[in-house]
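Visitor: Sending over a structure as structure tokens; questions will come in a sec.
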Amino acid sequence: MRCPYCQADHDRVIDSRSAADGFSIRRRRECMDCRRRFTTYERMEETPLRVVKKDGSRVPFDRGQILKGILKSCEKRPVSMEELEKITAGIERRLTEMFDREVGSKYIGLLVMEELKKLDQVAYVRFASVYREFKDVEQFVTELKPFLEGGNAHKR
């Protein structure tokens, strides 16, 4: 590690401990040439998750896109921002646990629908209508049928 003050490449580690986030190591170092101290952080190198879109293109995973879709679906619904953040974090966690490099946008959409179905029926149907690209009213009614027949979804 190069000293940020004198650029020497000769230092020693004085202290190491887990950083507050729990995903990195904080190291306190002392330069052996100028004797000044500095802090470094070591974290695991991650391969960023990429999303394979419907058209086959690949884009970096962006949790903000998930939150944006959920927010739009829950517009004017009695759902707190805290609940939406929790859902988004849960989906992000599941994706990073299940996939190393790439995930299809279809799978992400299914996870979002699964969570919205438990949270709010109207938000679920709004998201499903865009996600599944309903072509006619018949498809829309088919999606609503489980709710109309007293499905097991949570009601708000």
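Labels used: A, B, ... for chains in the order of the structure tokens, numbers from 1 for residues in each chain, and numbers from 1 for ligands as shown.
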Could you tell me, as a PyMOL selection string, which residues of chain A DSSP assigns to helix (DSSP H, G or I) when given the backbone?

Guide: chain A and resi 63-73+81-98+105-119+121-131+137-148

Visitor: For the selection just defined, write its residues with C-alpha atoms to a file, as an mmCIF file, in the first residue's frame.

Guide:
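Output file again_22.cif is given in full below:
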data_model
loop_
_atom_site.group_PDB
_atom_site.id
_atom_site.type_symbol
_atom_site.label_atom_id
_atom_site.label_comp_id
_atom_site.auth_asym_id
_atom_site.auth_seq_id
_atom_site.Cartn_x
_atom_site.Cartn_y
_atom_site.Cartn_z
ATOM 1 C CA ARG A 63 -32.070 -1.516 -7.388
ATOM 2 C CA GLY A 64 -33.477 1.941 -8.135
ATOM 3 C CA GLN A 65 -35.291 0.498 -11.150
ATOM 4 C CA ILE A 66 -37.075 -2.018 -8.934
ATOM 5 C CA LEU A 67 -38.042 0.664 -6.425
ATOM 6 C CA LYS A 68 -39.245 2.932 -9.243
ATOM 7 C CA GLY A 69 -41.555 0.207 -10.596
ATOM 8 C CA ILE A 70 -42.909 -0.600 -7.151
ATOM 9 C CA LEU A 71 -43.438 3.091 -6.368
ATOM 10 C CA LYS A 72 -45.380 3.593 -9.586
ATOM 11 C CA SER A 73 -47.574 0.571 -8.826
ATOM 12 C CA MET A 81 -42.042 4.036 1.857
ATOM 13 C CA GLU A 82 -40.516 1.826 4.541
ATOM 14 C CA GLU A 83 -42.482 -1.172 3.222
ATOM 15 C CA LEU A 84 -41.362 -0.432 -0.332
ATOM 16 C CA GLU A 85 -37.714 -0.148 0.713
ATOM 17 C CA LYS A 86 -38.005 -3.421 2.615
ATOM 18 C CA ILE A 87 -39.435 -5.205 -0.431
ATOM 19 C CA THR A 88 -36.745 -3.759 -2.701
ATOM 20 C CA ALA A 89 -33.959 -4.784 -0.315
ATOM 21 C CA GLY A 90 -35.420 -8.278 -0.011
ATOM 22 C CA ILE A 91 -35.580 -8.714 -3.786
ATOM 23 C CA GLU A 92 -32.021 -7.406 -4.173
ATOM 24 C CA ARG A 93 -30.799 -9.809 -1.481
ATOM 25 C CA ARG A 94 -32.529 -12.784 -3.120
ATOM 26 C CA LEU A 95 -31.040 -11.925 -6.522
ATOM 27 C CA THR A 96 -27.485 -11.580 -5.227
ATOM 28 C CA GLU A 97 -27.811 -14.862 -3.318
ATOM 29 C CA MET A 98 -29.192 -16.762 -6.319
ATOM 30 C CA SER A 105 -35.590 -9.156 -16.232
ATOM 31 C CA LYS A 106 -38.541 -11.592 -16.393
ATOM 32 C CA TYR A 107 -37.403 -13.253 -13.174
ATOM 33 C CA ILE A 108 -37.048 -9.877 -11.419
ATOM 34 C CA GLY A 109 -40.573 -8.994 -12.531
ATOM 35 C CA LEU A 110 -41.906 -12.258 -11.102
ATOM 36 C CA LEU A 111 -40.259 -11.528 -7.737
ATOM 37 C CA VAL A 112 -41.772 -8.035 -7.692
ATOM 38 C CA MET A 113 -45.227 -9.421 -8.520
ATOM 39 C CA GLU A 114 -44.879 -12.051 -5.793
ATOM 40 C CA GLU A 115 -44.143 -9.351 -3.208
ATOM 41 C CA LEU A 116 -46.838 -6.941 -4.432
ATOM 42 C CA LYS A 117 -49.435 -9.720 -4.381
ATOM 43 C CA LYS A 118 -48.793 -10.087 -0.628
ATOM 44 C CA LEU A 119 -48.707 -6.331 -0.042
ATOM 45 C CA GLN A 121 -53.953 -6.109 -4.600
ATOM 46 C CA VAL A 122 -54.311 -2.896 -6.597
ATOM 47 C CA ALA A 123 -50.544 -2.374 -6.770
ATOM 48 C CA TYR A 124 -50.155 -5.996 -7.852
ATOM 49 C CA VAL A 125 -52.665 -5.653 -10.704
ATOM 50 C CA ARG A 126 -51.118 -2.350 -11.819
ATOM 51 C CA PHE A 127 -47.654 -3.894 -11.968
ATOM 52 C CA ALA A 128 -48.918 -7.089 -13.614
ATOM 53 C CA SER A 129 -50.744 -5.149 -16.329
ATOM 54 C CA VAL A 130 -47.512 -3.425 -17.372
ATOM 55 C CA TYR A 131 -45.191 -6.369 -16.746
ATOM 56 C CA VAL A 137 -59.521 -6.946 -21.224
ATOM 57 C CA GLU A 138 -59.745 -10.760 -21.186
ATOM 58 C CA GLN A 139 -56.138 -11.061 -19.997
ATOM 59 C CA PHE A 140 -56.820 -8.432 -17.350
ATOM 60 C CA VAL A 141 -59.902 -10.294 -16.069
ATOM 61 C CA THR A 142 -57.951 -13.568 -15.971
ATOM 62 C CA GLU A 143 -55.378 -11.912 -13.713
ATOM 63 C CA LEU A 144 -58.136 -10.511 -11.464
ATOM 64 C CA LYS A 145 -60.060 -13.792 -11.192
ATOM 65 C CA PRO A 146 -58.205 -15.149 -8.115
ATOM 66 C CA PHE A 147 -58.981 -11.916 -6.235
ATOM 67 C CA LEU A 148 -62.621 -11.872 -7.306
#

Visitor: My list of candidates is A:Val79, A:Val52, A:Val13, A:Val103. Which is closest to Arg29 in chain A when distances are computed with only C-alpha atoms?

Guide: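 Once distances to Arg29 in chain A are computed over only C-alpha atoms, the minimum belongs to A:Val13.
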
Visitor: Give me every strand (DSSP E) residue in range 30-119 of chain A, going by DSSP on the backbone, as a PyMOL selection string.

Guide: chain A and resi 30-31+37-43+50-52+58-60+102-104

Visitor: Since we have the selection now, will you write its residues out, keeping C-alpha atoms, as a tab-separated table (two decimals), in the first residue's frame?

Guide:
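Saved file out_25.tsv follows:
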chain	number	residue	atom	x	y	z
A	30	GLU	CA	1.72	3.52	9.64
A	31	CYS	CA	4.21	4.49	6.93
A	37	ARG	CA	-0.72	7.09	9.85
A	38	PHE	CA	-3.58	6.47	7.48
A	39	THR	CA	-6.66	4.24	7.21
A	40	THR	CA	-7.51	1.82	4.42
A	41	TYR	CA	-10.57	-0.31	3.80
A	42	GLU	CA	-10.46	-3.76	2.28
A	43	ARG	CA	-13.55	-5.26	0.73
A	50	ARG	CA	-26.20	-7.71	-14.89
A	51	VAL	CA	-29.80	-7.83	-16.05
A	52	VAL	CA	-30.69	-9.51	-19.35
A	58	ARG	CA	-27.49	-6.48	-20.82
A	59	VAL	CA	-27.45	-3.62	-18.33
A	60	PRO	CA	-25.99	-3.27	-14.84
A	102	GLU	CA	-26.71	-12.37	-14.84
A	103	VAL	CA	-30.42	-12.49	-14.14
A	104	GLY	CA	-33.31	-12.16	-16.56

Visitor: Rounded to one decimal place, report the CA of His10 in chain A-CA of Arg35 in chain A distance in Å.

Guide: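 Separation between CA of His10 in chain A and CA of Arg35 in chain A: 10.3 Å.
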
Visitor: Counting only C-alpha atoms, which of A:Asp100, A:Asp9, A:Glu149, A:Asp120 gets nearest to Phe61 in chain A?

Guide: A:Asp100
